[in-house]
>>> print(open('protein.cif').read())   # mmCIF, C-alpha atoms
data_input
loop_
_atom_site.group_PDB
_atom_site.id
_atom_site.type_symbol
_atom_site.label_atom_id
_atom_site.label_comp_id
_atom_site.auth_asym_id
_atom_site.auth_seq_id
_atom_site.Cartn_x
_atom_site.Cartn_y
_atom_site.Cartn_z
ATOM 1 C CA MET M 1 -12.562 75.896 114.996
ATOM 2 C CA GLN M 2 -10.024 77.275 112.583
ATOM 3 C CA VAL M 3 -7.433 75.054 110.909
ATOM 4 C CA THR M 4 -4.507 76.627 109.085
ATOM 5 C CA ILE M 5 -2.173 74.619 106.881
ATOM 6 C CA ILE M 6 1.067 76.216 105.787
ATOM 7 C CA TYR M 7 2.776 74.488 102.868
ATOM 8 C CA VAL M 8 6.044 75.196 101.135
ATOM 9 C CA GLY M 9 5.683 74.586 97.416
ATOM 10 C CA ASN M 10 2.734 74.047 95.164
ATOM 11 C CA ILE M 11 0.945 70.999 93.845
ATOM 12 C CA LYS M 12 1.815 70.195 90.259
ATOM 13 C CA ASP M 13 -0.001 66.918 89.741
ATOM 14 C CA LYS M 14 -3.630 67.209 88.713
ATOM 15 C CA TYR M 15 -4.718 64.165 90.721
ATOM 16 C CA LEU M 16 -3.229 65.605 93.903
ATOM 17 C CA SER M 17 -4.826 69.029 93.464
ATOM 18 C CA GLU M 18 -8.162 67.277 92.860
ATOM 19 C CA ALA M 19 -7.677 65.322 96.083
ATOM 20 C CA VAL M 20 -6.884 68.563 97.955
ATOM 21 C CA SER M 21 -10.078 70.179 96.585
ATOM 22 C CA GLU M 22 -12.130 67.166 97.573
ATOM 23 C CA TYR M 23 -10.993 67.309 101.220
ATOM 24 C CA GLU M 24 -11.273 71.122 101.321
ATOM 25 C CA LYS M 25 -14.901 70.697 100.352
ATOM 26 C CA ARG M 26 -15.546 67.939 102.907
ATOM 27 C CA LEU M 27 -13.811 69.790 105.751
ATOM 28 C CA LYS M 28 -16.177 72.765 105.386
ATOM 29 C CA ALA M 29 -18.686 70.816 107.456
ATOM 30 C CA TYR M 30 -16.331 70.765 110.441
ATOM 31 C CA CYS M 31 -13.974 73.757 110.446
ATOM 32 C CA GLN M 32 -12.828 76.935 108.807
ATOM 33 C CA LEU M 33 -9.882 75.830 106.691
ATOM 34 C CA ASN M 34 -7.212 78.326 105.765
ATOM 35 C CA GLN M 35 -4.435 77.155 103.432
ATOM 36 C CA ILE M 36 -1.265 79.185 102.960
ATOM 37 C CA GLU M 37 1.028 78.192 100.087
ATOM 38 C CA LEU M 38 4.547 79.611 100.367
ATOM 39 C CA LYS M 39 7.016 79.734 97.501
ATOM 40 C CA GLU M 40 9.722 77.082 97.539
ATOM 41 C CA GLU M 41 13.271 78.490 97.375
ATOM 42 C CA LYS M 42 14.959 77.663 94.071
ATOM 43 C CA LEU M 43 17.905 75.290 94.352
ATOM 44 C CA PRO M 44 20.388 73.980 91.765
ATOM 45 C CA GLU M 45 19.988 70.379 90.597
ATOM 46 C CA ASN M 46 22.537 68.929 93.034
ATOM 47 C CA PRO M 47 22.477 71.393 95.919
ATOM 48 C CA SER M 48 25.211 71.441 98.553
ATOM 49 C CA ASN M 49 24.268 71.003 102.176
ATOM 50 C CA GLN M 50 24.950 74.733 102.726
ATOM 51 C CA GLU M 51 22.599 75.680 99.880
ATOM 52 C CA ILE M 52 19.896 73.460 101.341
ATOM 53 C CA GLN M 53 20.343 74.956 104.831
ATOM 54 C CA ASN M 54 20.131 78.493 103.434
ATOM 55 C CA ALA M 55 16.967 77.666 101.530
ATOM 56 C CA LEU M 56 15.381 76.057 104.621
ATOM 57 C CA LYS M 57 16.279 79.149 106.665
ATOM 58 C CA LYS M 58 14.632 81.508 104.160
ATOM 59 C CA GLU M 59 11.540 79.316 103.877
ATOM 60 C CA GLY M 60 11.522 79.070 107.689
ATOM 61 C CA SER M 61 11.370 82.850 108.166
ATOM 62 C CA LYS M 62 8.391 83.073 105.817
ATOM 63 C CA ILE M 63 6.652 80.247 107.695
ATOM 64 C CA ILE M 64 7.233 81.847 111.112
ATOM 65 C CA GLN M 65 5.867 85.189 109.833
ATOM 66 C CA ASN M 66 2.606 83.381 109.250
ATOM 67 C CA PHE M 67 2.434 81.965 112.782
ATOM 68 C CA SER M 68 -0.144 83.352 115.184
ATOM 69 C CA ASN M 69 0.485 83.494 118.941
ATOM 70 C CA LYS M 70 -2.988 82.175 119.457
ATOM 71 C CA ALA M 71 -2.438 79.006 117.447
ATOM 72 C CA TYR M 72 -1.267 75.551 118.483
ATOM 73 C CA LYS M 73 1.404 74.715 115.915
ATOM 74 C CA ILE M 74 2.202 71.235 114.610
ATOM 75 C CA ALA M 75 5.225 70.521 112.403
ATOM 76 C CA LEU M 76 5.129 67.486 110.106
ATOM 77 C CA CYS M 77 8.520 65.819 110.073
ATOM 78 C CA VAL M 78 10.096 62.337 109.985
ATOM 79 C CA GLU M 79 11.330 62.571 113.577
ATOM 80 C CA GLY M 80 7.824 63.462 114.787
ATOM 81 C CA THR M 81 5.619 61.230 116.920
ATOM 82 C CA ILE M 82 3.785 58.435 115.118
ATOM 83 C CA ILE M 83 0.177 58.233 116.371
ATOM 84 C CA SER M 84 -2.964 56.452 115.259
ATOM 85 C CA SER M 85 -5.941 58.234 113.692
ATOM 86 C CA GLU M 86 -7.900 57.831 116.959
ATOM 87 C CA GLU M 87 -5.059 59.370 118.985
ATOM 88 C CA PHE M 88 -4.841 62.191 116.438
ATOM 89 C CA ALA M 89 -8.584 62.830 116.810
ATOM 90 C CA LYS M 90 -8.198 62.976 120.613
ATOM 91 C CA LYS M 91 -5.215 65.311 120.294
ATOM 92 C CA ILE M 92 -7.229 67.729 118.131
ATOM 93 C CA GLU M 93 -10.122 67.557 120.631
ATOM 94 C CA THR M 94 -7.774 68.512 123.493
ATOM 95 C CA ILE M 95 -6.183 71.371 121.530
ATOM 96 C CA LYS M 96 -9.658 72.663 120.650
ATOM 97 C CA ASP M 97 -10.345 73.233 124.371
ATOM 98 C CA SER M 98 -7.517 75.757 124.708
ATOM 99 C CA PHE M 99 -6.847 77.140 121.224
ATOM 100 C CA ALA M 100 -9.054 78.709 118.564
ATOM 101 C CA ASN M 101 -6.642 77.720 115.812
ATOM 102 C CA ILE M 102 -4.476 74.703 114.954
ATOM 103 C CA THR M 103 -1.724 75.351 112.444
ATOM 104 C CA PHE M 104 -0.011 72.500 110.579
ATOM 105 C CA VAL M 105 3.243 73.066 108.743
ATOM 106 C CA ILE M 106 4.532 70.962 105.823
ATOM 107 C CA GLY M 107 7.951 71.858 104.448
ATOM 108 C CA GLY M 108 9.264 71.514 100.900
ATOM 109 C CA PRO M 109 11.246 68.520 99.549
ATOM 110 C CA TYR M 110 14.025 69.116 102.107
ATOM 111 C CA GLY M 111 11.705 69.506 105.081
ATOM 112 C CA LEU M 112 11.679 72.235 107.712
ATOM 113 C CA SER M 113 14.398 74.294 109.420
ATOM 114 C CA ASP M 114 15.181 73.742 113.098
ATOM 115 C CA GLU M 115 13.839 77.259 113.799
ATOM 116 C CA VAL M 116 10.402 76.211 112.527
ATOM 117 C CA LYS M 117 10.469 72.892 114.406
ATOM 118 C CA ASN M 118 11.465 74.671 117.638
ATOM 119 C CA ALA M 119 8.745 77.279 117.184
ATOM 120 C CA CYS M 120 6.119 74.533 116.972
ATOM 121 C CA ASP M 121 4.309 72.935 119.926
ATOM 122 C CA TYR M 122 4.330 69.400 118.544
ATOM 123 C CA LYS M 123 6.073 67.306 115.912
ATOM 124 C CA LEU M 124 3.967 64.769 114.029
ATOM 125 C CA SER M 125 4.983 62.015 111.631
ATOM 126 C CA ILE M 126 2.302 60.586 109.355
ATOM 127 C CA SER M 127 4.297 57.450 108.523
ATOM 128 C CA LYS M 128 7.719 55.930 109.007
ATOM 129 C CA MET M 129 7.706 55.625 105.252
ATOM 130 C CA THR M 130 8.589 58.717 103.270
ATOM 131 C CA PHE M 131 6.046 60.225 100.906
ATOM 132 C CA THR M 132 6.502 63.279 98.711
ATOM 133 C CA HIS M 133 5.695 66.536 100.511
ATOM 134 C CA ARG M 134 2.905 67.014 97.984
ATOM 135 C CA MET M 135 1.356 63.693 98.894
ATOM 136 C CA ALA M 136 1.815 64.511 102.597
ATOM 137 C CA ARG M 137 -0.551 67.434 102.040
ATOM 138 C CA VAL M 138 -3.315 65.123 100.857
ATOM 139 C CA LEU M 139 -2.625 62.617 103.649
ATOM 140 C CA LEU M 140 -2.775 65.356 106.286
ATOM 141 C CA LEU M 141 -6.072 66.735 104.942
ATOM 142 C CA GLU M 142 -7.502 63.220 104.935
ATOM 143 C CA GLN M 143 -6.394 62.643 108.535
ATOM 144 C CA ILE M 144 -7.864 65.965 109.715
ATOM 145 C CA TYR M 145 -11.145 65.065 108.018
ATOM 146 C CA ARG M 146 -11.029 61.575 109.539
ATOM 147 C CA ALA M 147 -10.265 63.008 112.998
ATOM 148 C CA MET M 148 -13.179 65.457 112.869
ATOM 149 C CA ASN M 149 -15.434 62.703 111.638
ATOM 150 C CA ILE M 150 -14.366 60.430 114.530
ATOM 151 C CA SER M 151 -14.996 63.238 117.055
ATOM 152 C CA ASN M 152 -18.413 63.937 115.567
ATOM 153 C CA GLY M 153 -19.473 60.300 115.586
ATOM 154 C CA GLY M 154 -19.476 60.081 111.787
ATOM 155 C CA LYS M 155 -19.200 56.895 109.779
ATOM 156 C CA TYR M 156 -16.350 57.809 107.436
ATOM 157 C CA HIS M 157 -13.673 56.144 109.535
ATOM 158 C CA LYS M 158 -15.501 52.856 110.022
ATOM 159 C CA MET W 1 10.784 41.118 88.451
ATOM 160 C CA GLN W 2 7.056 40.666 88.560
ATOM 161 C CA VAL W 3 4.898 42.564 91.063
ATOM 162 C CA THR W 4 1.291 41.514 91.588
ATOM 163 C CA ILE W 5 -1.146 43.610 93.587
ATOM 164 C CA ILE W 6 -4.422 42.043 94.610
ATOM 165 C CA TYR W 7 -7.109 44.511 95.717
ATOM 166 C CA VAL W 8 -10.585 43.967 97.019
ATOM 167 C CA GLY W 9 -12.889 46.671 95.683
ATOM 168 C CA ASN W 10 -12.545 49.246 92.976
ATOM 169 C CA ILE W 11 -11.493 52.867 92.918
ATOM 170 C CA LYS W 12 -14.385 55.259 92.635
ATOM 171 C CA ASP W 13 -12.650 58.615 92.987
ATOM 172 C CA LYS W 14 -11.238 60.065 89.771
ATOM 173 C CA TYR W 15 -8.211 61.578 91.503
ATOM 174 C CA LEU W 16 -7.249 58.212 92.982
ATOM 175 C CA SER W 17 -7.598 56.329 89.697
ATOM 176 C CA GLU W 18 -5.437 59.003 88.034
ATOM 177 C CA ALA W 19 -2.824 58.527 90.749
ATOM 178 C CA VAL W 20 -2.916 54.741 90.210
ATOM 179 C CA SER W 21 -2.421 55.230 86.434
ATOM 180 C CA GLU W 22 0.483 57.608 87.045
ATOM 181 C CA TYR W 23 2.374 55.078 89.199
ATOM 182 C CA GLU W 24 1.490 52.184 86.861
ATOM 183 C CA LYS W 25 3.163 54.158 84.087
ATOM 184 C CA ARG W 26 6.240 54.992 86.172
ATOM 185 C CA LEU W 27 6.662 51.433 87.461
ATOM 186 C CA LYS W 28 6.977 50.059 83.923
ATOM 187 C CA ALA W 29 10.623 51.138 84.005
ATOM 188 C CA TYR W 30 11.335 48.776 86.888
ATOM 189 C CA CYS W 31 9.008 45.784 86.889
ATOM 190 C CA GLN W 32 6.159 43.941 85.283
ATOM 191 C CA LEU W 33 3.116 45.096 87.221
ATOM 192 C CA ASN W 34 0.055 42.909 87.384
ATOM 193 C CA GLN W 35 -3.024 44.304 89.164
ATOM 194 C CA ILE W 36 -5.931 42.082 90.131
ATOM 195 C CA GLU W 37 -9.138 43.783 91.258
ATOM 196 C CA LEU W 38 -11.539 41.490 93.111
ATOM 197 C CA LYS W 39 -15.191 42.261 93.741
ATOM 198 C CA GLU W 40 -16.045 43.471 97.224
ATOM 199 C CA GLU W 41 -18.774 41.423 98.948
ATOM 200 C CA LYS W 42 -21.977 43.412 99.363
ATOM 201 C CA LEU W 43 -22.903 44.198 102.967
ATOM 202 C CA PRO W 44 -25.918 45.922 104.537
ATOM 203 C CA GLU W 45 -25.440 49.463 105.862
ATOM 204 C CA ASN W 46 -24.819 48.414 109.449
ATOM 205 C CA PRO W 47 -23.412 44.906 109.108
ATOM 206 C CA SER W 48 -23.202 42.566 112.080
ATOM 207 C CA ASN W 49 -19.855 41.112 113.045
ATOM 208 C CA GLN W 50 -20.986 37.754 111.626
ATOM 209 C CA GLU W 51 -21.899 39.334 108.287
ATOM 210 C CA ILE W 52 -18.479 41.024 108.140
ATOM 211 C CA GLN W 53 -16.671 37.756 108.966
ATOM 212 C CA ASN W 54 -18.611 35.902 106.259
ATOM 213 C CA ALA W 55 -17.793 38.567 103.689
ATOM 214 C CA LEU W 56 -14.098 38.510 104.646
ATOM 215 C CA LYS W 57 -14.074 34.727 104.323
ATOM 216 C CA LYS W 58 -15.580 34.842 100.810
ATOM 217 C CA GLU W 59 -13.220 37.604 99.723
ATOM 218 C CA GLY W 60 -10.358 35.643 101.303
ATOM 219 C CA SER W 61 -11.047 32.499 99.224
ATOM 220 C CA LYS W 62 -10.987 34.570 96.044
ATOM 221 C CA ILE W 63 -7.697 36.187 97.111
ATOM 222 C CA ILE W 64 -6.050 32.845 97.923
ATOM 223 C CA GLN W 65 -7.154 31.414 94.548
ATOM 224 C CA ASN W 66 -5.001 34.119 92.977
ATOM 225 C CA PHE W 67 -1.905 33.245 95.010
ATOM 226 C CA SER W 68 1.008 31.581 93.280
ATOM 227 C CA ASN W 69 3.317 29.157 95.090
ATOM 228 C CA LYS W 70 6.255 30.909 93.519
ATOM 229 C CA ALA W 71 5.381 34.313 94.943
ATOM 230 C CA TYR W 72 6.440 36.018 98.177
ATOM 231 C CA LYS W 73 3.192 37.314 99.609
ATOM 232 C CA ILE W 74 2.775 40.493 101.664
ATOM 233 C CA ALA W 75 -0.501 41.378 103.411
ATOM 234 C CA LEU W 76 -1.197 45.030 104.183
ATOM 235 C CA CYS W 77 -2.815 45.317 107.585
ATOM 236 C CA VAL W 78 -2.789 47.556 110.684
ATOM 237 C CA GLU W 79 -1.036 44.965 112.829
ATOM 238 C CA GLY W 80 1.751 44.651 110.248
ATOM 239 C CA THR W 81 5.333 45.807 110.741
ATOM 240 C CA ILE W 82 5.987 49.532 110.310
ATOM 241 C CA ILE W 83 9.176 50.047 108.286
ATOM 242 C CA SER W 84 10.852 52.990 106.583
ATOM 243 C CA SER W 85 11.009 53.403 102.797
ATOM 244 C CA GLU W 86 14.708 52.451 102.847
ATOM 245 C CA GLU W 87 13.978 49.267 104.828
ATOM 246 C CA PHE W 88 11.148 48.482 102.394
ATOM 247 C CA ALA W 89 13.550 48.906 99.467
ATOM 248 C CA LYS W 90 16.033 46.510 101.123
ATOM 249 C CA LYS W 91 13.262 44.014 101.826
ATOM 250 C CA ILE W 92 12.205 43.999 98.166
ATOM 251 C CA GLU W 93 15.867 43.576 97.135
ATOM 252 C CA THR W 94 16.209 40.514 99.382
ATOM 253 C CA ILE W 95 12.942 38.966 98.163
ATOM 254 C CA LYS W 96 14.086 39.512 94.558
ATOM 255 C CA ASP W 97 17.034 37.168 95.164
ATOM 256 C CA SER W 98 14.773 34.196 95.904
ATOM 257 C CA PHE W 99 11.413 34.918 94.272
ATOM 258 C CA ALA W 100 10.374 35.884 90.752
ATOM 259 C CA ASN W 101 7.169 37.491 91.999
ATOM 260 C CA ILE W 102 6.109 39.630 94.954
ATOM 261 C CA THR W 103 2.392 39.742 95.630
ATOM 262 C CA PHE W 104 0.840 42.474 97.776
ATOM 263 C CA VAL W 105 -2.698 42.121 99.115
ATOM 264 C CA ILE W 106 -4.980 44.999 100.130
ATOM 265 C CA GLY W 107 -8.368 44.082 101.560
ATOM 266 C CA GLY W 108 -11.651 45.968 101.368
ATOM 267 C CA PRO W 109 -12.981 48.424 103.992
ATOM 268 C CA TYR W 110 -13.000 45.666 106.640
ATOM 269 C CA GLY W 111 -9.528 44.387 105.859
ATOM 270 C CA LEU W 112 -8.403 40.806 105.330
ATOM 271 C CA SER W 113 -9.451 37.451 106.778
ATOM 272 C CA ASP W 114 -7.102 35.527 109.070
ATOM 273 C CA GLU W 115 -6.812 32.849 106.364
ATOM 274 C CA VAL W 116 -5.290 35.394 103.982
ATOM 275 C CA LYS W 117 -2.994 36.845 106.634
ATOM 276 C CA ASN W 118 -1.776 33.360 107.591
ATOM 277 C CA ALA W 119 -1.198 32.421 103.955
ATOM 278 C CA CYS W 120 1.083 35.451 103.528
ATOM 279 C CA ASP W 121 4.824 35.514 104.269
ATOM 280 C CA TYR W 122 4.877 39.017 105.765
ATOM 281 C CA LYS W 123 2.497 41.584 107.223
ATOM 282 C CA LEU W 124 3.186 45.231 106.405
ATOM 283 C CA SER W 125 1.629 48.405 107.804
ATOM 284 C CA ILE W 126 2.070 51.609 105.790
ATOM 285 C CA SER W 127 1.161 53.882 108.698
ATOM 286 C CA LYS W 128 -0.148 53.753 112.240
ATOM 287 C CA MET W 129 -2.777 56.145 110.958
ATOM 288 C CA THR W 130 -5.691 54.634 109.080
ATOM 289 C CA PHE W 131 -6.281 55.581 105.470
ATOM 290 C CA THR W 132 -9.068 54.348 103.217
ATOM 291 C CA HIS W 133 -8.238 51.068 101.465
ATOM 292 C CA ARG W 134 -8.491 52.987 98.198
ATOM 293 C CA MET W 135 -5.866 55.473 99.311
ATOM 294 C CA ALA W 136 -3.713 52.593 100.606
ATOM 295 C CA ARG W 137 -3.536 51.378 97.010
ATOM 296 C CA VAL W 138 -1.980 54.660 95.859
ATOM 297 C CA LEU W 139 0.362 54.771 98.858
ATOM 298 C CA LEU W 140 1.552 51.222 98.209
ATOM 299 C CA LEU W 141 2.202 51.916 94.512
ATOM 300 C CA GLU W 142 4.142 55.049 95.475
ATOM 301 C CA GLN W 143 6.237 53.103 97.980
ATOM 302 C CA ILE W 144 7.010 50.328 95.486
ATOM 303 C CA TYR W 145 8.072 52.964 92.954
ATOM 304 C CA ARG W 146 10.151 54.737 95.621
ATOM 305 C CA ALA W 147 11.768 51.427 96.688
ATOM 306 C CA MET W 148 12.736 50.499 93.140
ATOM 307 C CA ASN W 149 14.068 53.998 92.596
ATOM 308 C CA ILE W 150 16.179 53.762 95.762
ATOM 309 C CA SER W 151 17.584 50.360 94.685
ATOM 310 C CA ASN W 152 18.399 51.706 91.236
ATOM 311 C CA GLY W 153 20.159 54.804 92.551
ATOM 312 C CA GLY W 154 17.462 57.118 91.197
ATOM 313 C CA LYS W 155 16.775 60.628 92.448
ATOM 314 C CA TYR W 156 13.031 60.405 93.087
ATOM 315 C CA HIS W 157 13.386 59.683 96.793
ATOM 316 C CA LYS W 158 15.849 62.461 97.517
#
>>> encode(input="protein.cif", output="C-alpha cells")
Amino acid sequence: MQVTIIYVGNIKDKYLSEAVSEYEKRLKAYCQLNQIELKEEKLPENPSNQEIQNALKKEGSKIIQNFSNKAYKIALCVEGTIISSEEFAKKIETIKDSFANITFVIGGPYGLSDEVKNACDYKLSISKMTFTHRMARVLLLEQIYRAMNISNGGKYHK
Amino acid sequence: MQVTIIYVGNIKDKYLSEAVSEYEKRLKAYCQLNQIELKEEKLPENPSNQEIQNALKKEGSKIIQNFSNKAYKIALCVEGTIISSEEFAKKIETIKDSFANITFVIGGPYGLSDEVKNACDYKLSISKMTFTHRMARVLLLEQIYRAMNISNGGKYHK
C-alpha cells in the first residue's frame, strides 16, 4: 500500500530529521512511503488573526493540489478523534481494503485551514497535549510503523 | 523548583538522546532538573507473565527507594488521566505552591508495578496511543518545557 504524508514546513532540528530517516527506513518493509514537504507561508513575528487565516488559506490550496481522488485523507488536528494504537492499526487495515493510498496531512505551526479539514475523510488527534508540528511528524511516522507492525504480527509494539 | 525524572532503562537511539539533551538545556531556564536512570531488569525474549511481574517488582523497589517524602509524584501510565498541555501547566503551577519537588516516573517496556503506581500522587497519560518508553521520555521533557513556558508567558507554545 502507498502512504503519503503531506507536511507544511521543514524539519530544522537534527535529532528530529534523524528520527524521520529512521522511520522512513523501517517503513520500507511495509509500504511505499511518499513524503511531500510544502513551504510554510512567511508570517510576521506577531501575526494578526487575518494574516494567519490568509497564510492557512494559501497553504491549504497547495495541500489540496496534492490530494488524489483515489486516496483516503486524514487530517491531523487537535479537534480530531483520539484513538489507541490498536484502533489506529485497525483503521488502516479497513482503509487498505478500499483505497490504494492513505494520505496524512500535518499543517504548520498554526494548523490547517477549514478547507483542508473539510476535504479530508477523517480527523485524527495524536494527543490531547500539544506537540510542535515538527514533533508530530515523528510521532505520526512512529504510529504508522507501529500500526503496520501490529497488523503484521510483529513484536515492535509489545 | 526542582523536577526529578526517574526512568527505567537507557536511551539507545542517538536521535532520542540528542532530543533529551536539547530539552535538558532548555529546561535550565526554568527549573533544576534531576534525571535518574535505573537499570532495566533483564528478561528472556518471550518472558512469562510471572517473569514480567517479578522484573516490575524489582524495578519498582529501586524506583521507590529514590522517592522523597517531600516530592509530588506522578506516574506515567496508559490508564492515567489524559490532559491538555494547558491543564498540565496549571497542574504543575498548583503543585509548585505546596511542593519543592515534582517527580515523574517512566517505567521500562512493561511499564510500572502497582506498588509504584500506588505510591504516586497522580497518574498521567501522555496519549491514548502507545509510544516507546524511550520516546515517552522525550515527550515528557517537551511537555514540562512547554508547561513552564506557558506559565512564564513565553512564546514557545504558540
>>> resolve_selection(input="protein.cif", expression="the PyMOL selection byres ((chain M) within 6 of (chain W))", output="PyMOL selection string")
chain M and resi 15+18-19+84-85+127-130
>>> residues_around(input="protein.cif", residues="segment 33-45 of chain M", least_positions_apart="2", cutoff="8 Å", atoms="all atoms listed in the file", output="list in words")
Gln2, Val3, Thr4, Ile5, Ile6, Tyr7, Val8, Gly9, Asn10, Glu24, Leu27, Lys28, Cys31, Pro47, Glu51, Ile52, Ala55, Leu56, Lys58, Glu59, Lys62, Ile63 and Gly108 of chain M
>>> write_last_selection(input="protein.cif", atoms="C-alpha atoms", output="mmCIF file, in the frame of the given file")
data_model
loop_
_atom_site.group_PDB
_atom_site.id
_atom_site.type_symbol
_atom_site.label_atom_id
_atom_site.label_comp_id
_atom_site.auth_asym_id
_atom_site.auth_seq_id
_atom_site.Cartn_x
_atom_site.Cartn_y
_atom_site.Cartn_z
ATOM 1 C CA GLN M 2 -10.024 77.275 112.583
ATOM 2 C CA VAL M 3 -7.433 75.054 110.909
ATOM 3 C CA THR M 4 -4.507 76.627 109.085
ATOM 4 C CA ILE M 5 -2.173 74.619 106.881
ATOM 5 C CA ILE M 6 1.067 76.216 105.787
ATOM 6 C CA TYR M 7 2.776 74.488 102.868
ATOM 7 C CA VAL M 8 6.044 75.196 101.135
ATOM 8 C CA GLY M 9 5.683 74.586 97.416
ATOM 9 C CA ASN M 10 2.734 74.047 95.164
ATOM 10 C CA GLU M 24 -11.273 71.122 101.321
ATOM 11 C CA LEU M 27 -13.811 69.790 105.751
ATOM 12 C CA LYS M 28 -16.177 72.765 105.386
ATOM 13 C CA CYS M 31 -13.974 73.757 110.446
ATOM 14 C CA PRO M 47 22.477 71.393 95.919
ATOM 15 C CA GLU M 51 22.599 75.680 99.880
ATOM 16 C CA ILE M 52 19.896 73.460 101.341
ATOM 17 C CA ALA M 55 16.967 77.666 101.530
ATOM 18 C CA LEU M 56 15.381 76.057 104.621
ATOM 19 C CA LYS M 58 14.632 81.508 104.160
ATOM 20 C CA GLU M 59 11.540 79.316 103.877
ATOM 21 C CA LYS M 62 8.391 83.073 105.817
ATOM 22 C CA ILE M 63 6.652 80.247 107.695
ATOM 23 C CA GLY M 108 9.264 71.514 100.900
#
>>> closest_residue(input="protein.cif", among="W:Ile92, W:Val138, W:Ile74, W:Leu124", to="Tyr23 of chain W", atoms="all atoms listed in the file")
W:Val138
>>> atom_distance(input="protein.cif", atom1="atom CA of Thr81 of chain W", atom2="atom CA of Ala136 of chain M")
20.7 Å
>>> atom_distance(input="protein.cif", atom1="atom CA of Gly154 of chain M", atom2="atom CA of Ala89 of chain M")
12.3 Å
>>> closest_residue(input="protein.cif", among="W:Ile11, W:Phe104, W:His133, W:Gly153", to="Val78 of chain W", atoms="only C-alpha atoms")
W:His133
>>> atom_distance(input="protein.cif", atom1="atom CA of Ser61 of chain W", atom2="atom CA of Leu76 of chain W")
16.7 Å
>>> residues_around(input="protein.cif", residues="Cys120 of chain M", least_positions_apart="3", cutoff="7 Å", atoms="all atoms listed in the file", output="ChimeraX atom specification")
/M:73-75,116-117
>>> resolve_selection(input="protein.cif", expression="the PyMOL selection byres ((chain M and resi 113) around 6)", output="list in words")
Leu56, Lys57, Gly60, Leu112, Asp114, Glu115 and Val116 of chain M
>>> resolve_selection(input="protein.cif", expression="the PyMOL selection byres ((chain M and resi 71) around 7)", output="list in words")
Ser68, Asn69, Lys70, Tyr72, Lys73, Phe99, Ala100, Asn101, Ile102 and Thr103 of chain M
>>> closest_residue(input="protein.cif", among="M:Gln65, M:Lys123, M:Asn149, M:Asn54", to="Ile106 of chain M", atoms="all atoms listed in the file")
M:Lys123
>>> decode(input="protein.cif", residues="segment 84-95 of chain W", atoms="N, CA, C and O atoms", output="PDB file, in the first residue's frame")
ATOM      1  N   SER W  84      -4.730  18.251  28.647  1.00  0.00           N
ATOM      2  CA  SER W  84      -4.113  19.091  27.610  1.00  0.00           C
ATOM      3  C   SER W  84      -2.843  19.728  28.178  1.00  0.00           C
ATOM      4  O   SER W  84      -2.608  19.709  29.390  1.00  0.00           O
ATOM      5  N   SER W  85      -2.045  20.326  27.304  1.00  0.00           N
ATOM      6  CA  SER W  85      -0.805  20.980  27.740  1.00  0.00           C
ATOM      7  C   SER W  85      -1.105  22.132  28.687  1.00  0.00           C
ATOM      8  O   SER W  85      -0.356  22.380  29.634  1.00  0.00           O
ATOM      9  N   GLU W  86      -2.213  22.841  28.447  1.00  0.00           N
ATOM     10  CA  GLU W  86      -2.578  23.974  29.319  1.00  0.00           C
ATOM     11  C   GLU W  86      -2.977  23.452  30.706  1.00  0.00           C
ATOM     12  O   GLU W  86      -2.610  24.039  31.715  1.00  0.00           O
ATOM     13  N   GLU W  87      -3.736  22.360  30.741  1.00  0.00           N
ATOM     14  CA  GLU W  87      -4.126  21.772  32.028  1.00  0.00           C
ATOM     15  C   GLU W  87      -2.884  21.253  32.782  1.00  0.00           C
ATOM     16  O   GLU W  87      -2.788  21.378  34.000  1.00  0.00           O
ATOM     17  N   PHE W  88      -1.948  20.706  32.035  1.00  0.00           N
ATOM     18  CA  PHE W  88      -0.699  20.202  32.617  1.00  0.00           C
ATOM     19  C   PHE W  88       0.088  21.372  33.232  1.00  0.00           C
ATOM     20  O   PHE W  88       0.616  21.261  34.342  1.00  0.00           O
ATOM     21  N   ALA W  89       0.120  22.477  32.511  1.00  0.00           N
ATOM     22  CA  ALA W  89       0.819  23.673  33.021  1.00  0.00           C
ATOM     23  C   ALA W  89       0.177  24.141  34.330  1.00  0.00           C
ATOM     24  O   ALA W  89       0.869  24.455  35.300  1.00  0.00           O
ATOM     25  N   LYS W  90      -1.171  24.150  34.362  1.00  0.00           N
ATOM     26  CA  LYS W  90      -1.880  24.586  35.576  1.00  0.00           C
ATOM     27  C   LYS W  90      -1.613  23.614  36.719  1.00  0.00           C
ATOM     28  O   LYS W  90      -1.444  24.015  37.858  1.00  0.00           O
ATOM     29  N   LYS W  91      -1.593  22.342  36.403  1.00  0.00           N
ATOM     30  CA  LYS W  91      -1.334  21.317  37.424  1.00  0.00           C
ATOM     31  C   LYS W  91       0.040  21.539  38.052  1.00  0.00           C
ATOM     32  O   LYS W  91       0.174  21.517  39.283  1.00  0.00           O
ATOM     33  N   ILE W  92       1.048  21.766  37.225  1.00  0.00           N
ATOM     34  CA  ILE W  92       2.402  22.000  37.740  1.00  0.00           C
ATOM     35  C   ILE W  92       2.425  23.267  38.615  1.00  0.00           C
ATOM     36  O   ILE W  92       3.033  23.284  39.683  1.00  0.00           O
ATOM     37  N   GLU W  93       1.729  24.306  38.159  1.00  0.00           N
ATOM     38  CA  GLU W  93       1.627  25.551  38.940  1.00  0.00           C
ATOM     39  C   GLU W  93       1.071  25.288  40.338  1.00  0.00           C
ATOM     40  O   GLU W  93       1.574  25.791  41.330  1.00  0.00           O
ATOM     41  N   THR W  94       0.000  24.502  40.407  1.00  0.00           N
ATOM     42  CA  THR W  94      -0.644  24.193  41.686  1.00  0.00           C
ATOM     43  C   THR W  94       0.291  23.387  42.592  1.00  0.00           C
ATOM     44  O   THR W  94       0.411  23.655  43.785  1.00  0.00           O
ATOM     45  N   ILE W  95       0.958  22.387  41.996  1.00  0.00           N
ATOM     46  CA  ILE W  95       1.874  21.543  42.779  1.00  0.00           C
ATOM     47  C   ILE W  95       2.994  22.407  43.371  1.00  0.00           C
ATOM     48  O   ILE W  95       3.370  22.255  44.535  1.00  0.00           O
TER      49      ILE W  95
END
